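Working notes, beginning with the structure itself.
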Amino acid sequence: MYNLFIYLYLFGVAVCSLFNEKVRKMWRGEREAFRVLKEKVDPEAKYVWFHAASLGEFEQGRPLMEQLRRDHPAYKILLTFFSPSGYEVRKNYEGADIICYLPLDTISNARRFLKAVQPVAVFFIKYEFWYNYLHILKQRGVPTYSVSSIFRPDQVFFRWYGRHYSRVLKCFTHFFVQNEQSRELLATIGITCATVVGDTRFDRVLQIKEQAKQLPIVEQFVGEAPKVFVAGSSWPPDEDIFIRYFKEHPEWKLVIAPHVIGEDHLQQIEQKLEGWSVQRYTAPPSAPEGATSVLQQGNEAPSGAVGGALIIDCFGLLSSIYRYATVCYVGGGFGVSIHNTVEAAVWGKPVIFGPENQKFQEAQELKACGGGLEIKDYDDFARIMDRLSADTDALQKAGRAAGDYVMGKAGAVEKILASVKL
């Protein structure tokens, strides 16, 4: 049944690649993977293979890859992706010796791939359960680890109809899971090779914090402002809420790093901020008339304007921008799900987010410790912001709780590598 589904999926991808650029990149990348391996694999080398579905999983695996390279420089690292959103961003990552797409999980692809690489160890990050690859790895006796994995009772493995598929989990040598519930769930289906180590993402955000960029443009915009609100990965429903509030509280500086950086979305934000001094981090040629760069125009509001907003219209800066915040907001909670709360919390700032956060352990734990603040509507947001604005002690307490939470969760990478024998 699984293999039938894979071949149907493969056919669907081929058809969709004719009409969708992202799918086309994935389709081409998977087909070119064997050529990449043929050109780059050193038959004399020993490879440790890391697989990440996309960019988020890569960030979880990154500190593990980098520590392994430091501890075991004799090994080479192969990094594979499934999604173009991961591969296209990190295809030039210097921490891996070979980077390519992972060919789809057919039996022939899995055999061909593993014959070409012959890894000595394999790490699958979080939600990666490739049936054919895993079974062949087990047959060949290759140590295979699941890292930062997390399980919930509603997943197929723990349903009566998913018992057959759950056998794929028995192909892993060991699970390094995020929480006790995951370990207990695995035990219910006879899997006891699991250790609770936490999430490697906490190690990664601390690493990012240590390597954070100085951002003169943002510093110039913020200046000596006592109150700065940074909204990261925001969507229109998020922006409708917080922009409404700050139109009534122009004493705050507002930095918006939208999740989608497209001209239509940027113009929508600017329209919502009508009457404000609105500036873009860069001023691309395609920007509408009136869009300005902070470097070009400084930080002076036009005559009659209130408030000040800086729109981040490029990628790669958000994790460093959070340092300038008094209060942080992480978007996505009024859509499918919230984005990365931890990269804001690491700076010791209160983190506000929307209601769609139940599947994220870190969001639940941030709420429990007081560092994360959930809102369901504008009234919730206004109430929380009014309290944080008026009560310095409450503001500082929430920020300390967020920062302490991240620090207390670090150390997963060290625990994993202490258990893995290469």
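Residue numbering restarts at 1 in every chain; chains get A, B, ... in the order shown in the structure tokens, and ligands count up from 1 in that same order.
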Skipping near chain neighbours, those fewer than 4 positions away, what residues fall within 8 Å of A:Thr144 using only C-alpha atoms, listed as a count of residues only? 11
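The residue set within 12 Å of stretch 161-165 of chain A, counting only C-alpha atoms and dropping same-chain residues fewer than 6 places from it, reads Met1, Tyr2, Asn3, Phe129, Trp130, Tyr131, Asn132, His135, Pro153, Asp154, Gln155, Cys171, Leu186, Thr188, Ile189 and Gly190 of chain A.
The interatomic distance for the pair atom CA of A:Asn179 and atom CA of A:Asn357 works out to 16.9 Å.
Checking A:Gly370, A:Asp199, A:His249, A:Val346 one by one against A:Ala382, counting only C-alpha atoms, you find the shortest gap at A:His249.
Counting only C-alpha atoms and comparing A:Val196, A:Ala401, A:Ile243, A:Ala257, the residue that lies closest to A:Gln271 is A:Ile243.
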Mind the document's chain letters and residue numbers, and return as a count of residues only the residues of stretch 55-84 of chain A that DSSP labels strand (DSSP E). 6
Sel. of alpha helix (DSSP H) residues, stretch 106-189 of chain A, as a PyMOL selection string: chain A and resi 107-117+131-139+180-188
Would you mind exporting N, CA and C atoms of the selected residues as a compact mmCIF listing (two decimals), in the first residue's frame?
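Once written, again_13.txt looks like this:
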# COMPACT_ATOMS: atom_id res chain seq x y z
N ILE A 107 11.61 1.85 -3.68
CA ILE A 107 12.60 0.84 -3.32
C ILE A 107 13.86 0.99 -4.17
N SER A 108 13.69 1.22 -5.47
CA SER A 108 14.85 1.35 -6.35
C SER A 108 15.66 2.59 -6.04
N ASN A 109 14.99 3.69 -5.76
CA ASN A 109 15.71 4.92 -5.40
C ASN A 109 16.50 4.73 -4.11
N ALA A 110 15.87 4.11 -3.12
CA ALA A 110 16.53 3.92 -1.83
C ALA A 110 17.77 3.04 -1.98
N ARG A 111 17.65 1.95 -2.72
CA ARG A 111 18.80 1.07 -2.92
C ARG A 111 19.92 1.78 -3.66
N ARG A 112 19.55 2.50 -4.70
CA ARG A 112 20.56 3.19 -5.51
C ARG A 112 21.26 4.28 -4.70
N PHE A 113 20.48 5.03 -3.93
CA PHE A 113 21.03 6.12 -3.12
C PHE A 113 22.00 5.58 -2.08
N LEU A 114 21.58 4.57 -1.36
CA LEU A 114 22.42 4.03 -0.28
C LEU A 114 23.66 3.31 -0.82
N LYS A 115 23.55 2.74 -1.99
CA LYS A 115 24.73 2.12 -2.61
C LYS A 115 25.75 3.19 -2.98
N ALA A 116 25.27 4.34 -3.42
CA ALA A 116 26.17 5.42 -3.82
C ALA A 116 26.87 6.05 -2.62
N VAL A 117 26.16 6.20 -1.51
CA VAL A 117 26.70 6.92 -0.35
C VAL A 117 27.37 5.99 0.65
N TYR A 131 9.86 5.01 4.66
CA TYR A 131 9.67 3.57 4.86
C TYR A 131 10.76 2.73 4.19
N ASN A 132 11.00 2.94 2.90
CA ASN A 132 11.96 2.09 2.17
C ASN A 132 13.40 2.39 2.56
N TYR A 133 13.73 3.65 2.67
CA TYR A 133 15.09 3.99 3.11
C TYR A 133 15.38 3.37 4.48
N LEU A 134 14.43 3.50 5.39
CA LEU A 134 14.66 3.01 6.75
C LEU A 134 14.78 1.50 6.80
N HIS A 135 13.95 0.80 6.07
CA HIS A 135 14.03 -0.66 6.08
C HIS A 135 15.34 -1.17 5.49
N ILE A 136 15.81 -0.51 4.43
CA ILE A 136 17.07 -0.95 3.82
C ILE A 136 18.25 -0.61 4.72
N LEU A 137 18.18 0.54 5.38
CA LEU A 137 19.23 0.89 6.34
C LEU A 137 19.30 -0.15 7.46
N LYS A 138 18.15 -0.58 7.94
CA LYS A 138 18.14 -1.58 9.00
C LYS A 138 18.71 -2.91 8.50
N GLN A 139 18.33 -3.29 7.29
CA GLN A 139 18.84 -4.54 6.71
C GLN A 139 20.36 -4.52 6.60
N GLU A 180 8.73 13.59 27.51
CA GLU A 180 8.41 12.31 28.13
C GLU A 180 7.20 11.66 27.48
N GLN A 181 6.22 12.46 27.07
CA GLN A 181 5.05 11.89 26.41
C GLN A 181 5.44 11.11 25.17
N SER A 182 6.40 11.62 24.41
CA SER A 182 6.84 10.93 23.21
C SER A 182 7.47 9.59 23.56
N ARG A 183 8.29 9.58 24.58
CA ARG A 183 8.92 8.31 25.00
C ARG A 183 7.87 7.30 25.43
N GLU A 184 6.87 7.76 26.18
CA GLU A 184 5.81 6.86 26.66
C GLU A 184 4.96 6.34 25.50
N LEU A 185 4.67 7.16 24.52
CA LEU A 185 3.88 6.72 23.37
C LEU A 185 4.63 5.65 22.58
N LEU A 186 5.92 5.85 22.39
CA LEU A 186 6.71 4.84 21.69
C LEU A 186 6.69 3.52 22.45
N ALA A 187 6.73 3.60 23.76
CA ALA A 187 6.72 2.37 24.58
C ALA A 187 5.42 1.59 24.41
N THR A 188 4.32 2.28 24.13
CA THR A 188 3.04 1.58 23.96
C THR A 188 3.01 0.70 22.73
Counting only C-alpha atoms, what is within 8 Å of A:Glu30, bar same-chain residues fewer than 4 positions away, as a list of chain:residue names? A:Met26, A:Phe34, A:Cys100, A:Tyr101, A:Leu102, A:Pro103, A:Leu104
With N, CA and C atoms retained, export the selected residues as a CSV table (one decimal), in the first residue's frame.
chain,number,residue,atom,x,y,z
A,26,MET,N,11.7,20.9,-7.0
A,26,MET,CA,11.9,19.7,-6.3
A,26,MET,C,12.0,18.5,-7.2
A,34,PHE,N,21.2,11.9,-8.1
A,34,PHE,CA,22.1,10.8,-8.4
A,34,PHE,C,23.4,11.3,-9.2
A,100,CYS,N,22.2,17.8,-1.4
A,100,CYS,CA,21.3,17.5,-2.6
A,100,CYS,C,19.9,17.2,-2.1
A,101,TYR,N,19.0,17.0,-3.0
A,101,TYR,CA,17.7,16.6,-2.7
A,101,TYR,C,17.7,15.1,-2.4
A,102,LEU,N,16.7,14.6,-1.6
A,102,LEU,CA,16.6,13.2,-1.4
A,102,LEU,C,15.6,12.6,-2.4
A,103,PRO,N,16.0,11.7,-3.3
A,103,PRO,CA,15.1,11.1,-4.2
A,103,PRO,C,13.9,10.5,-3.5
A,104,LEU,N,12.8,10.5,-4.1
A,104,LEU,CA,11.5,10.0,-3.5
A,104,LEU,C,11.7,8.5,-3.1
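Using only C-alpha atoms for every distance, the candidate list A:Val142, A:Ala325, A:Ile269, A:Val330 yields A:Ala325 as the residue closest to A:Leu395.
Minimum distance to A:Thr200 across A:Ile99, A:Ala412, A:Leu310, A:Ile77 (counting only C-alpha atoms) occurs at A:Ala412.
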A:Val89 surroundings by only C-alpha atoms, 12 Å radius, close-in-sequence under 6 positions cut, as an mmCIF file with all heavy atoms, in the first residue's frame:
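Generated file (out-v8.cif):
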data_model
loop_
_atom_site.group_PDB
_atom_site.id
_atom_site.type_symbol
_atom_site.label_atom_id
_atom_site.label_comp_id
_atom_site.auth_asym_id
_atom_site.auth_seq_id
_atom_site.Cartn_x
_atom_site.Cartn_y
_atom_site.Cartn_z
ATOM 1 N N SER A 54 12.896 20.303 5.479
ATOM 2 C CA SER A 54 12.910 21.686 5.013
ATOM 3 C C SER A 54 13.828 22.524 5.896
ATOM 4 O O SER A 54 14.652 21.990 6.633
ATOM 5 C CB SER A 54 11.483 22.240 5.022
ATOM 6 O OG SER A 54 11.415 23.476 4.348
ATOM 7 N N LEU A 55 13.644 23.839 5.823
ATOM 8 C CA LEU A 55 14.561 24.750 6.500
ATOM 9 C C LEU A 55 14.480 24.639 8.023
ATOM 10 O O LEU A 55 15.497 24.690 8.709
ATOM 11 C CB LEU A 55 14.274 26.188 6.055
ATOM 12 C CG LEU A 55 15.276 27.246 6.498
ATOM 13 C CD1 LEU A 55 16.672 26.936 5.984
ATOM 14 C CD2 LEU A 55 14.823 28.630 6.007
ATOM 15 N N GLY A 56 13.274 24.494 8.557
ATOM 16 C CA GLY A 56 13.131 24.401 10.005
ATOM 17 C C GLY A 56 13.847 23.198 10.572
ATOM 18 O O GLY A 56 14.525 23.290 11.602
ATOM 19 N N PHE A 58 16.329 21.669 9.136
ATOM 20 C CA PHE A 58 17.766 21.917 8.982
ATOM 21 C C PHE A 58 18.309 22.682 10.176
ATOM 22 O O PHE A 58 19.390 22.365 10.700
ATOM 23 C CB PHE A 58 18.025 22.711 7.696
ATOM 24 C CG PHE A 58 19.392 23.337 7.651
ATOM 25 C CD1 PHE A 58 20.502 22.581 7.312
ATOM 26 C CD2 PHE A 58 19.576 24.674 7.970
ATOM 27 C CE1 PHE A 58 21.770 23.143 7.289
ATOM 28 C CE2 PHE A 58 20.837 25.251 7.950
ATOM 29 C CZ PHE A 58 21.929 24.483 7.603
ATOM 30 N N GLU A 59 17.593 23.718 10.618
ATOM 31 C CA GLU A 59 18.054 24.512 11.754
ATOM 32 C C GLU A 59 18.151 23.662 13.014
ATOM 33 O O GLU A 59 19.008 23.897 13.862
ATOM 34 C CB GLU A 59 17.116 25.702 11.974
ATOM 35 C CG GLU A 59 17.207 26.768 10.886
ATOM 36 C CD GLU A 59 18.569 27.432 10.799
ATOM 37 O OE1 GLU A 59 19.285 27.474 11.829
ATOM 38 O OE2 GLU A 59 18.933 27.910 9.714
ATOM 39 N N PHE A 81 17.708 17.312 1.486
ATOM 40 C CA PHE A 81 16.444 17.997 1.740
ATOM 41 C C PHE A 81 15.344 17.357 0.916
ATOM 42 O O PHE A 81 15.601 16.770 -0.140
ATOM 43 C CB PHE A 81 16.537 19.474 1.334
ATOM 44 C CG PHE A 81 17.387 20.322 2.233
ATOM 45 C CD1 PHE A 81 18.709 20.592 1.907
ATOM 46 C CD2 PHE A 81 16.866 20.868 3.395
ATOM 47 C CE1 PHE A 81 19.499 21.390 2.726
ATOM 48 C CE2 PHE A 81 17.649 21.667 4.222
ATOM 49 C CZ PHE A 81 18.967 21.928 3.883
ATOM 50 N N SER A 83 12.295 19.486 0.600
ATOM 51 C CA SER A 83 11.594 20.672 0.105
ATOM 52 C C SER A 83 12.552 21.699 -0.485
ATOM 53 O O SER A 83 13.639 21.937 0.044
ATOM 54 C CB SER A 83 10.815 21.322 1.250
ATOM 55 O OG SER A 83 10.339 22.590 0.878
ATOM 56 N N ILE A 99 25.498 18.390 -0.635
ATOM 57 C CA ILE A 99 24.117 18.787 -0.367
ATOM 58 C C ILE A 99 23.289 18.492 -1.616
ATOM 59 O O ILE A 99 23.653 18.903 -2.719
ATOM 60 C CB ILE A 99 24.013 20.279 -0.011
ATOM 61 C CG1 ILE A 99 24.895 20.611 1.202
ATOM 62 C CG2 ILE A 99 22.560 20.666 0.273
ATOM 63 C CD1 ILE A 99 24.966 22.088 1.536
ATOM 64 N N CYS A 100 22.181 17.785 -1.438
ATOM 65 C CA CYS A 100 21.314 17.497 -2.573
ATOM 66 C C CYS A 100 19.909 17.180 -2.068
ATOM 67 O O CYS A 100 19.668 17.089 -0.870
ATOM 68 C CB CYS A 100 21.856 16.337 -3.404
ATOM 69 S SG CYS A 100 21.901 14.736 -2.541
ATOM 70 N N PHE A 315 15.164 38.801 3.691
ATOM 71 C CA PHE A 315 15.244 37.642 4.573
ATOM 72 C C PHE A 315 16.575 37.601 5.341
ATOM 73 O O PHE A 315 17.538 38.268 4.986
ATOM 74 C CB PHE A 315 15.096 36.348 3.774
ATOM 75 C CG PHE A 315 13.744 36.154 3.175
ATOM 76 C CD1 PHE A 315 13.535 36.295 1.814
ATOM 77 C CD2 PHE A 315 12.654 35.835 3.973
ATOM 78 C CE1 PHE A 315 12.282 36.114 1.247
ATOM 79 C CE2 PHE A 315 11.389 35.656 3.432
ATOM 80 C CZ PHE A 315 11.217 35.791 2.055
ATOM 81 N N GLY A 316 16.604 36.793 6.394
ATOM 82 C CA GLY A 316 17.849 36.475 7.076
ATOM 83 C C GLY A 316 18.200 37.359 8.250
ATOM 84 O O GLY A 316 19.276 37.189 8.841
#
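Interatomic distance, atom CA of A:Ala225 to atom CA of A:Val327: 12.9 Å.
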Could you jot down the atom CA of A:Ile98 to atom CA of A:Trp49 separation for me, Å, one decimal place? 9.5 Å
